[in-house]
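What follows is the content of start_7.txt (compact mmCIF, N, CA and C atoms).
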```
# COMPACT_ATOMS: atom_id res chain seq x y z
N MET A 62 4.90 3.01 22.26
CA MET A 62 4.68 1.91 21.36
C MET A 62 4.03 0.73 22.08
N GLY A 63 4.01 0.75 23.39
CA GLY A 63 3.32 -0.30 24.11
C GLY A 63 4.18 -1.53 24.29
N TYR A 64 3.61 -2.70 24.07
CA TYR A 64 4.26 -3.98 24.37
C TYR A 64 5.26 -4.42 23.32
N LEU A 65 5.25 -3.83 22.14
CA LEU A 65 6.19 -4.24 21.10
C LEU A 65 7.50 -3.47 21.23
N SER A 66 8.59 -4.16 20.97
CA SER A 66 9.88 -3.50 21.03
C SER A 66 10.02 -2.52 19.87
N GLN A 67 10.91 -1.57 20.06
CA GLN A 67 11.17 -0.60 19.00
C GLN A 67 11.69 -1.32 17.75
N GLU A 68 12.50 -2.35 17.95
CA GLU A 68 13.03 -3.11 16.81
C GLU A 68 11.90 -3.76 16.01
N ALA A 69 10.94 -4.36 16.72
CA ALA A 69 9.80 -4.99 16.04
C ALA A 69 8.99 -3.95 15.28
N GLU A 70 8.78 -2.80 15.89
CA GLU A 70 8.04 -1.72 15.22
C GLU A 70 8.78 -1.26 13.97
N ASP A 71 10.09 -1.13 14.06
CA ASP A 71 10.89 -0.72 12.90
C ASP A 71 10.79 -1.74 11.77
N LYS A 72 10.82 -3.02 12.12
CA LYS A 72 10.70 -4.08 11.11
C LYS A 72 9.34 -4.01 10.43
N LYS A 73 8.28 -3.86 11.22
CA LYS A 73 6.94 -3.78 10.64
C LYS A 73 6.80 -2.56 9.74
N ARG A 74 7.32 -1.43 10.16
CA ARG A 74 7.26 -0.21 9.35
C ARG A 74 7.99 -0.43 8.02
N TYR A 75 9.15 -1.09 8.08
CA TYR A 75 9.92 -1.39 6.88
C TYR A 75 9.11 -2.29 5.94
N LEU A 76 8.52 -3.35 6.49
CA LEU A 76 7.78 -4.31 5.68
C LEU A 76 6.47 -3.74 5.15
N LYS A 77 5.89 -2.77 5.82
CA LYS A 77 4.61 -2.19 5.40
C LYS A 77 4.75 -1.14 4.30
N ARG A 78 5.96 -0.76 3.95
CA ARG A 78 6.15 0.29 2.95
C ARG A 78 5.45 -0.03 1.63
N TYR A 79 5.53 -1.28 1.20
CA TYR A 79 4.92 -1.67 -0.07
C TYR A 79 3.40 -1.53 0.01
N ARG A 80 2.80 -2.07 1.06
CA ARG A 80 1.35 -1.98 1.25
C ARG A 80 0.88 -0.53 1.25
N LYS A 81 1.59 0.31 2.00
CA LYS A 81 1.20 1.71 2.12
C LYS A 81 1.33 2.44 0.78
N THR A 82 2.36 2.12 0.04
CA THR A 82 2.56 2.76 -1.26
C THR A 82 1.46 2.34 -2.23
N LEU A 83 1.08 1.06 -2.21
CA LEU A 83 -0.01 0.61 -3.08
C LEU A 83 -1.34 1.28 -2.71
N ALA A 84 -1.57 1.48 -1.43
CA ALA A 84 -2.80 2.17 -0.99
C ALA A 84 -2.80 3.61 -1.49
N LEU A 85 -1.66 4.27 -1.45
CA LEU A 85 -1.56 5.63 -1.96
C LEU A 85 -1.79 5.66 -3.47
N ILE A 86 -1.23 4.72 -4.18
CA ILE A 86 -1.43 4.64 -5.64
C ILE A 86 -2.91 4.48 -5.95
N ASP A 87 -3.59 3.60 -5.22
CA ASP A 87 -5.03 3.40 -5.44
C ASP A 87 -5.81 4.69 -5.19
N ARG A 88 -5.46 5.40 -4.12
CA ARG A 88 -6.14 6.65 -3.81
C ARG A 88 -5.96 7.68 -4.93
N LEU A 89 -4.73 7.77 -5.45
CA LEU A 89 -4.46 8.71 -6.54
C LEU A 89 -5.16 8.29 -7.83
N LYS A 90 -5.23 7.00 -8.08
CA LYS A 90 -5.94 6.52 -9.27
C LYS A 90 -7.43 6.85 -9.19
N ASN A 91 -7.99 6.79 -8.00
CA ASN A 91 -9.39 7.19 -7.82
C ASN A 91 -9.57 8.67 -8.11
N LYS A 92 -8.61 9.48 -7.70
CA LYS A 92 -8.67 10.92 -8.00
C LYS A 92 -8.61 11.16 -9.51
N VAL A 93 -7.75 10.40 -10.19
CA VAL A 93 -7.65 10.53 -11.65
C VAL A 93 -8.98 10.17 -12.30
N ALA A 94 -9.63 9.12 -11.83
CA ALA A 94 -10.92 8.71 -12.40
C ALA A 94 -11.96 9.81 -12.20
N ILE A 95 -11.96 10.44 -11.05
CA ILE A 95 -12.89 11.54 -10.79
C ILE A 95 -12.62 12.71 -11.74
N LEU A 96 -11.34 13.03 -11.93
CA LEU A 96 -10.98 14.11 -12.85
C LEU A 96 -11.39 13.76 -14.28
N GLU A 97 -11.19 12.52 -14.68
CA GLU A 97 -11.58 12.10 -16.03
C GLU A 97 -13.08 12.28 -16.24
N ASP A 98 -13.87 12.00 -15.21
CA ASP A 98 -15.32 12.19 -15.31
C ASP A 98 -15.68 13.67 -15.44
N ARG A 99 -14.90 14.50 -14.77
CA ARG A 99 -15.20 15.95 -14.79
C ARG A 99 -14.75 16.62 -16.09
N ILE A 100 -13.69 16.10 -16.69
CA ILE A 100 -13.15 16.71 -17.91
C ILE A 100 -14.17 16.53 -19.03
N GLY A 101 -14.55 17.62 -19.62
CA GLY A 101 -15.47 17.59 -20.75
C GLY A 101 -16.92 17.44 -20.36
N SER A 102 -17.20 17.26 -19.07
CA SER A 102 -18.61 17.15 -18.69
C SER A 102 -19.22 18.54 -18.62
N PRO A 103 -20.49 18.66 -18.99
CA PRO A 103 -21.11 20.00 -18.97
C PRO A 103 -21.23 20.50 -17.54
N ARG A 104 -21.01 21.80 -17.39
CA ARG A 104 -21.13 22.45 -16.09
C ARG A 104 -22.57 22.91 -15.92
N SER A 105 -23.02 22.88 -14.70
CA SER A 105 -24.39 23.36 -14.46
C SER A 105 -24.42 24.87 -14.63
N PRO A 106 -25.49 25.37 -15.24
CA PRO A 106 -25.57 26.82 -15.47
C PRO A 106 -25.82 27.56 -14.16
N ASN A 107 -25.47 28.83 -14.17
CA ASN A 107 -25.68 29.69 -13.01
C ASN A 107 -27.11 30.22 -13.08
N LEU A 108 -28.03 29.58 -12.36
CA LEU A 108 -29.43 29.95 -12.44
C LEU A 108 -29.81 31.08 -11.49
N SER A 109 -28.99 31.32 -10.49
CA SER A 109 -29.35 32.32 -9.49
C SER A 109 -29.13 33.74 -10.00
N GLY A 110 -28.30 33.89 -10.99
CA GLY A 110 -28.00 35.23 -11.47
C GLY A 110 -26.96 35.92 -10.61
N MET A 111 -26.59 35.30 -9.53
CA MET A 111 -25.59 35.88 -8.64
C MET A 111 -24.20 35.51 -9.16
N PRO A 112 -23.29 36.43 -9.03
CA PRO A 112 -21.92 36.12 -9.48
C PRO A 112 -21.29 35.04 -8.59
N ARG A 113 -20.47 34.23 -9.21
CA ARG A 113 -19.74 33.20 -8.47
C ARG A 113 -18.37 33.75 -8.08
N GLY A 114 -17.90 33.32 -6.94
CA GLY A 114 -16.59 33.78 -6.49
C GLY A 114 -15.48 32.97 -7.10
N GLY A 115 -14.30 33.54 -7.15
CA GLY A 115 -13.12 32.83 -7.62
C GLY A 115 -13.11 32.64 -9.13
N ASN A 116 -12.06 32.00 -9.58
CA ASN A 116 -11.92 31.73 -11.00
C ASN A 116 -12.54 30.37 -11.31
N PRO A 117 -13.27 30.28 -12.40
CA PRO A 117 -13.85 28.98 -12.75
C PRO A 117 -12.76 27.99 -13.13
N ILE A 118 -12.99 26.73 -12.81
CA ILE A 118 -12.03 25.67 -13.15
C ILE A 118 -12.31 25.23 -14.58
N THR A 119 -11.28 25.28 -15.39
CA THR A 119 -11.43 24.93 -16.80
C THR A 119 -11.00 23.48 -17.03
N ASP A 120 -11.33 22.96 -18.21
CA ASP A 120 -10.87 21.62 -18.58
C ASP A 120 -9.35 21.56 -18.60
N GLU A 121 -8.72 22.67 -19.00
CA GLU A 121 -7.25 22.71 -19.02
C GLU A 121 -6.69 22.53 -17.62
N ASP A 122 -7.34 23.16 -16.61
CA ASP A 122 -6.91 23.00 -15.22
C ASP A 122 -7.04 21.54 -14.79
N LEU A 123 -8.16 20.94 -15.15
CA LEU A 123 -8.41 19.55 -14.78
C LEU A 123 -7.41 18.62 -15.46
N ILE A 124 -7.10 18.88 -16.71
CA ILE A 124 -6.13 18.06 -17.45
C ILE A 124 -4.74 18.20 -16.83
N ALA A 125 -4.38 19.41 -16.41
CA ALA A 125 -3.09 19.63 -15.76
C ALA A 125 -3.03 18.87 -14.43
N ASP A 126 -4.12 18.92 -13.66
CA ASP A 126 -4.18 18.18 -12.39
C ASP A 126 -4.06 16.69 -12.64
N LYS A 127 -4.74 16.20 -13.67
CA LYS A 127 -4.70 14.78 -14.01
C LYS A 127 -3.28 14.37 -14.39
N SER A 128 -2.62 15.17 -15.18
CA SER A 128 -1.26 14.88 -15.61
C SER A 128 -0.31 14.83 -14.41
N GLU A 129 -0.48 15.76 -13.50
CA GLU A 129 0.34 15.80 -12.29
C GLU A 129 0.12 14.53 -11.45
N LEU A 130 -1.14 14.13 -11.30
CA LEU A 130 -1.45 12.91 -10.55
C LEU A 130 -0.85 11.68 -11.23
N GLU A 131 -0.94 11.61 -12.56
CA GLU A 131 -0.38 10.48 -13.29
C GLU A 131 1.13 10.41 -13.13
N ASP A 132 1.80 11.57 -13.09
CA ASP A 132 3.25 11.59 -12.85
C ASP A 132 3.57 11.06 -11.45
N ARG A 133 2.78 11.49 -10.45
CA ARG A 133 2.97 10.99 -9.08
C ARG A 133 2.78 9.48 -9.03
N ILE A 134 1.75 9.00 -9.70
CA ILE A 134 1.47 7.56 -9.72
C ILE A 134 2.65 6.81 -10.34
N SER A 135 3.19 7.31 -11.43
CA SER A 135 4.34 6.66 -12.08
C SER A 135 5.54 6.59 -11.13
N ARG A 136 5.82 7.69 -10.45
CA ARG A 136 6.94 7.70 -9.51
C ARG A 136 6.69 6.71 -8.37
N LEU A 137 5.46 6.68 -7.87
CA LEU A 137 5.13 5.77 -6.77
C LEU A 137 5.18 4.31 -7.20
N GLU A 138 4.79 4.02 -8.45
CA GLU A 138 4.86 2.65 -8.94
C GLU A 138 6.31 2.17 -9.02
N ILE A 139 7.22 3.05 -9.39
CA ILE A 139 8.65 2.70 -9.41
C ILE A 139 9.13 2.44 -7.99
N LYS A 140 8.73 3.31 -7.07
CA LYS A 140 9.11 3.15 -5.67
C LYS A 140 8.52 1.85 -5.10
N ALA A 141 7.27 1.55 -5.43
CA ALA A 141 6.61 0.33 -4.94
C ALA A 141 7.35 -0.91 -5.45
N SER A 142 7.77 -0.88 -6.69
CA SER A 142 8.50 -2.01 -7.26
C SER A 142 9.81 -2.23 -6.51
N LYS A 143 10.49 -1.16 -6.19
CA LYS A 143 11.75 -1.23 -5.43
C LYS A 143 11.48 -1.80 -4.03
N TYR A 144 10.45 -1.29 -3.36
CA TYR A 144 10.08 -1.79 -2.03
C TYR A 144 9.76 -3.27 -2.07
N LYS A 145 8.99 -3.67 -3.07
CA LYS A 145 8.60 -5.08 -3.19
C LYS A 145 9.83 -5.97 -3.29
N LYS A 146 10.78 -5.59 -4.13
CA LYS A 146 12.01 -6.38 -4.29
C LYS A 146 12.78 -6.45 -2.98
N GLU A 147 12.94 -5.31 -2.30
CA GLU A 147 13.69 -5.28 -1.04
C GLU A 147 13.01 -6.15 0.02
N ILE A 148 11.70 -6.06 0.11
CA ILE A 148 10.96 -6.83 1.12
C ILE A 148 11.04 -8.32 0.81
N LEU A 149 10.89 -8.68 -0.46
CA LEU A 149 11.01 -10.10 -0.82
C LEU A 149 12.41 -10.63 -0.52
N ASP A 150 13.43 -9.81 -0.74
CA ASP A 150 14.80 -10.23 -0.42
C ASP A 150 14.93 -10.53 1.07
N VAL A 151 14.34 -9.68 1.91
CA VAL A 151 14.38 -9.88 3.36
C VAL A 151 13.61 -11.14 3.75
N ILE A 152 12.42 -11.31 3.18
CA ILE A 152 11.59 -12.48 3.50
C ILE A 152 12.26 -13.77 3.04
N ASP A 153 12.91 -13.72 1.89
CA ASP A 153 13.57 -14.91 1.34
C ASP A 153 14.73 -15.38 2.21
N GLU A 154 15.24 -14.54 3.09
CA GLU A 154 16.33 -14.92 3.98
C GLU A 154 15.86 -15.67 5.21
N LEU A 155 14.55 -15.74 5.43
CA LEU A 155 14.02 -16.45 6.61
C LEU A 155 14.27 -17.95 6.48
N ASP A 156 14.62 -18.58 7.59
CA ASP A 156 14.90 -20.02 7.59
C ASP A 156 13.63 -20.86 7.53
N ASP A 157 12.55 -20.39 8.15
CA ASP A 157 11.31 -21.16 8.23
C ASP A 157 10.38 -20.75 7.08
N PRO A 158 10.07 -21.67 6.18
CA PRO A 158 9.22 -21.31 5.03
C PRO A 158 7.80 -20.88 5.45
N ARG A 159 7.35 -21.30 6.62
CA ARG A 159 6.02 -20.87 7.10
C ARG A 159 6.02 -19.36 7.39
N TYR A 160 7.11 -18.89 7.99
CA TYR A 160 7.22 -17.45 8.25
C TYR A 160 7.22 -16.68 6.92
N ALA A 161 8.01 -17.20 5.98
CA ALA A 161 8.12 -16.53 4.68
C ALA A 161 6.76 -16.48 3.99
N GLU A 162 6.03 -17.59 4.02
CA GLU A 162 4.72 -17.64 3.37
C GLU A 162 3.75 -16.65 3.98
N VAL A 163 3.70 -16.60 5.30
CA VAL A 163 2.78 -15.69 5.98
C VAL A 163 3.16 -14.24 5.71
N LEU A 164 4.43 -13.91 5.85
CA LEU A 164 4.86 -12.51 5.64
C LEU A 164 4.68 -12.09 4.19
N GLU A 165 5.00 -12.96 3.25
CA GLU A 165 4.81 -12.62 1.84
C GLU A 165 3.32 -12.45 1.52
N SER A 166 2.51 -13.34 2.05
CA SER A 166 1.06 -13.24 1.81
C SER A 166 0.51 -11.93 2.37
N TYR A 167 0.98 -11.56 3.54
CA TYR A 167 0.46 -10.36 4.19
C TYR A 167 1.02 -9.08 3.57
N PHE A 168 2.33 -8.99 3.46
CA PHE A 168 2.95 -7.73 3.04
C PHE A 168 3.02 -7.53 1.53
N ILE A 169 3.07 -8.60 0.76
CA ILE A 169 3.22 -8.48 -0.70
C ILE A 169 1.90 -8.77 -1.42
N ARG A 170 1.23 -9.84 -1.03
CA ARG A 170 -0.02 -10.18 -1.71
C ARG A 170 -1.23 -9.53 -1.06
N LEU A 171 -0.99 -8.77 0.03
CA LEU A 171 -2.00 -7.93 0.68
C LEU A 171 -3.20 -8.71 1.22
N LYS A 172 -2.93 -9.91 1.70
CA LYS A 172 -4.01 -10.73 2.26
C LYS A 172 -4.11 -10.51 3.76
N ASP A 173 -5.31 -10.71 4.30
CA ASP A 173 -5.49 -10.59 5.74
C ASP A 173 -5.24 -11.95 6.39
N PHE A 174 -5.16 -11.95 7.72
CA PHE A 174 -4.84 -13.18 8.44
C PHE A 174 -5.87 -14.28 8.18
N GLU A 175 -7.13 -13.92 8.09
CA GLU A 175 -8.19 -14.91 7.87
C GLU A 175 -7.99 -15.64 6.53
N THR A 176 -7.69 -14.88 5.50
CA THR A 176 -7.48 -15.47 4.17
C THR A 176 -6.24 -16.35 4.16
N ILE A 177 -5.17 -15.88 4.80
CA ILE A 177 -3.94 -16.68 4.86
C ILE A 177 -4.22 -17.99 5.60
N ALA A 178 -4.96 -17.91 6.68
CA ALA A 178 -5.30 -19.11 7.46
C ALA A 178 -6.09 -20.10 6.62
N GLU A 179 -7.08 -19.59 5.91
CA GLU A 179 -7.90 -20.45 5.05
C GLU A 179 -7.06 -21.15 3.99
N GLU A 180 -6.21 -20.40 3.32
CA GLU A 180 -5.41 -20.94 2.22
C GLU A 180 -4.38 -21.97 2.68
N ASN A 181 -3.93 -21.86 3.93
CA ASN A 181 -2.88 -22.75 4.43
C ASN A 181 -3.39 -23.77 5.45
N ASN A 182 -4.71 -23.82 5.63
CA ASN A 182 -5.31 -24.73 6.61
C ASN A 182 -4.76 -24.51 8.01
N TYR A 183 -4.60 -23.24 8.37
CA TYR A 183 -4.18 -22.85 9.71
C TYR A 183 -5.35 -22.17 10.39
N THR A 184 -5.23 -21.98 11.69
CA THR A 184 -6.18 -21.11 12.38
C THR A 184 -5.67 -19.68 12.26
N THR A 185 -6.55 -18.73 12.43
CA THR A 185 -6.13 -17.33 12.39
C THR A 185 -5.12 -17.05 13.50
N ARG A 186 -5.32 -17.68 14.63
CA ARG A 186 -4.41 -17.51 15.76
C ARG A 186 -3.00 -18.01 15.40
N HIS A 187 -2.93 -19.15 14.69
CA HIS A 187 -1.64 -19.70 14.27
C HIS A 187 -0.96 -18.75 13.27
N VAL A 188 -1.74 -18.18 12.36
CA VAL A 188 -1.18 -17.21 11.41
C VAL A 188 -0.62 -16.01 12.16
N ALA A 189 -1.35 -15.53 13.15
CA ALA A 189 -0.88 -14.38 13.94
C ALA A 189 0.44 -14.72 14.64
N ARG A 190 0.54 -15.96 15.15
CA ARG A 190 1.78 -16.37 15.82
C ARG A 190 2.93 -16.45 14.81
N LEU A 191 2.68 -17.07 13.64
CA LEU A 191 3.72 -17.15 12.60
C LEU A 191 4.14 -15.75 12.13
N TYR A 192 3.18 -14.86 12.02
CA TYR A 192 3.45 -13.47 11.63
C TYR A 192 4.40 -12.83 12.65
N SER A 193 4.05 -12.93 13.93
CA SER A 193 4.88 -12.33 14.99
C SER A 193 6.27 -12.94 15.03
N GLU A 194 6.33 -14.26 14.95
CA GLU A 194 7.64 -14.92 14.97
C GLU A 194 8.43 -14.59 13.71
N GLY A 195 7.74 -14.49 12.60
CA GLY A 195 8.42 -14.11 11.35
C GLY A 195 9.00 -12.71 11.45
N ILE A 196 8.24 -11.79 12.00
CA ILE A 196 8.75 -10.42 12.20
C ILE A 196 9.99 -10.45 13.09
N ASP A 197 9.92 -11.23 14.18
CA ASP A 197 11.07 -11.34 15.10
C ASP A 197 12.31 -11.88 14.40
N ASN A 198 12.11 -12.78 13.43
CA ASN A 198 13.23 -13.43 12.75
C ASN A 198 13.75 -12.68 11.52
N VAL A 199 13.06 -11.64 11.12
CA VAL A 199 13.49 -10.85 9.96
C VAL A 199 14.77 -10.09 10.33
N SER A 200 15.71 -10.08 9.41
CA SER A 200 16.91 -9.28 9.57
C SER A 200 16.86 -8.19 8.51
N LEU A 201 16.77 -6.95 8.97
CA LEU A 201 16.74 -5.84 8.01
C LEU A 201 18.14 -5.59 7.48
N MET A 202 18.18 -5.37 6.17
CA MET A 202 19.46 -5.08 5.53
C MET A 202 19.76 -3.60 5.71
N SER A 203 20.97 -3.31 6.09
CA SER A 203 21.33 -1.92 6.34
C SER A 203 21.95 -1.28 5.13
```
So that I can check it, write out the structure of this file as C-alpha cells.
Amino acid sequence: MGYLSQEAEDKKRYLKRYRKTLALIDRLKNKVAILEDRIGSPRSPNLSGMPRGGNPITDEDLIADKSELEDRISRLEIKASKYKKEILDVIDELDDPRYAEVLESYFIRLKDFETIAEENNYTTRHVARLYSEGIDNVSLMS
C-alpha cells in the first residue's frame, strides 16, 4: 500500500463505495442504451452466401438482456442509496466543517479537487490537505 496506513486505505475504500457504485450504474445504463438501439433495428443481410456460425441473436434475447441489466441497475441504485446515507452519517460526525465539505464534495457530489478548490476559494493543495486530514479524522462505524 506504500506510504498510507492500512487504516487510511480502509477508510478511503469505505468512502469510495458510493462513487464506485454510481460508476457501475452509469456503465450498465450505457449498455442498456446500446441494447435499446439494437432492439428492432434491421440486421444487415448475409451477402456472402456463406453460412454464419452460432445462433442468431433475436430481439427477444436483446430484450431479456436489457431486462436483466435494468434489474441489476435497480439493485445497485438501492445499494448506492444505502452507501450514500452511511457515508453522509460518517462525514456528519466530523468536528471540522471544512473536512466535511471537502469529503462530501468529493465522495458524494463526485467533484474533483480542482472544482472543490474553485468553489471554496481554496488552492488545490489546500483541498488535498483537508481531504487527507478529513480521512484521518473519519471514524468508521462498525
- Message: Excluding Phe168 of chain A and its own-chain neighbours fewer than 3 positions away, which residues fall within 6.5 Å of it when counting all atoms listed in the file? Please give them as JSON, numbers by chain.
- Response: {"A": [76, 77, 79, 80, 163, 164, 165, 171, 172]}
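Atom to atom, atom CA of Ile148 of chain A and atom CA of Ala84 of chain A stand 16.6 Å apart.
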Among A:Arg99, A:Arg88, A:Arg159, A:Lys72, Ile134 of chain A is approached most closely, using only C-alpha atoms, by A:Arg88
I'd like the contact shell of Leu130 of chain A - 8 Å cut-off, all atoms listed in the file, skipping same-chain residues fewer than 3 positions apart - returned as an mmCIF file with N, CA and C atoms, in the frame of the given file.
```
data_model
loop_
_atom_site.group_PDB
_atom_site.id
_atom_site.type_symbol
_atom_site.label_atom_id
_atom_site.label_comp_id
_atom_site.auth_asym_id
_atom_site.auth_seq_id
_atom_site.Cartn_x
_atom_site.Cartn_y
_atom_site.Cartn_z
ATOM 1 N N LEU A 89 -4.730 7.770 -5.450
ATOM 2 C CA LEU A 89 -4.460 8.710 -6.540
ATOM 3 C C LEU A 89 -5.160 8.290 -7.830
ATOM 4 N N LYS A 90 -5.230 7.000 -8.080
ATOM 5 C CA LYS A 90 -5.940 6.520 -9.270
ATOM 6 C C LYS A 90 -7.430 6.850 -9.190
ATOM 7 N N LYS A 92 -8.610 9.480 -7.700
ATOM 8 C CA LYS A 92 -8.670 10.920 -8.000
ATOM 9 C C LYS A 92 -8.610 11.160 -9.510
ATOM 10 N N VAL A 93 -7.750 10.400 -10.190
ATOM 11 C CA VAL A 93 -7.650 10.530 -11.650
ATOM 12 C C VAL A 93 -8.980 10.170 -12.300
ATOM 13 N N ILE A 124 -7.100 18.880 -16.710
ATOM 14 C CA ILE A 124 -6.130 18.060 -17.450
ATOM 15 C C ILE A 124 -4.740 18.200 -16.830
ATOM 16 N N ALA A 125 -4.380 19.410 -16.410
ATOM 17 C CA ALA A 125 -3.090 19.630 -15.760
ATOM 18 C C ALA A 125 -3.030 18.870 -14.430
ATOM 19 N N ASP A 126 -4.120 18.920 -13.660
ATOM 20 C CA ASP A 126 -4.180 18.180 -12.390
ATOM 21 C C ASP A 126 -4.060 16.690 -12.640
ATOM 22 N N LYS A 127 -4.740 16.200 -13.670
ATOM 23 C CA LYS A 127 -4.700 14.780 -14.010
ATOM 24 C C LYS A 127 -3.280 14.370 -14.390
ATOM 25 N N ARG A 133 2.780 11.490 -10.450
ATOM 26 C CA ARG A 133 2.970 10.990 -9.080
ATOM 27 C C ARG A 133 2.780 9.480 -9.030
ATOM 28 N N ILE A 134 1.750 9.000 -9.700
ATOM 29 C CA ILE A 134 1.470 7.560 -9.720
ATOM 30 C C ILE A 134 2.650 6.810 -10.340
ATOM 31 N N SER A 135 3.190 7.310 -11.430
ATOM 32 C CA SER A 135 4.340 6.660 -12.080
ATOM 33 C C SER A 135 5.540 6.590 -11.130
ATOM 34 N N ARG A 136 5.820 7.690 -10.450
ATOM 35 C CA ARG A 136 6.940 7.700 -9.510
ATOM 36 C C ARG A 136 6.690 6.710 -8.370
#
```
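If you measure from each of A:Ala161, A:Asp120, A:Ser166, A:Glu175 to Leu191 of chain A using all atoms listed in the file, the closest one turns out to be A:Ala161.
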What separates atom CA of Thr176 of chain A and atom CA of Pro158 of chain A is a distance of 17.7 Å
Identify all residues of chain A in alpha helix (DSSP H) (DSSP on the backbone) and supply them as a PyMOL selection string.
chain A and resi 67-99+120-153+158-168+174-181+185-198
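Across the structure, atom N of Arg190 of chain A and atom CA of Lys140 of chain A are spaced 29.5 Å apart.
Nearest-residue note for Thr82 of chain A: choosing from A:Glu70, A:Arg170, A:Glu138, A:Ile100, the minimum distance belongs to A:Glu138, counting all atoms listed in the file.
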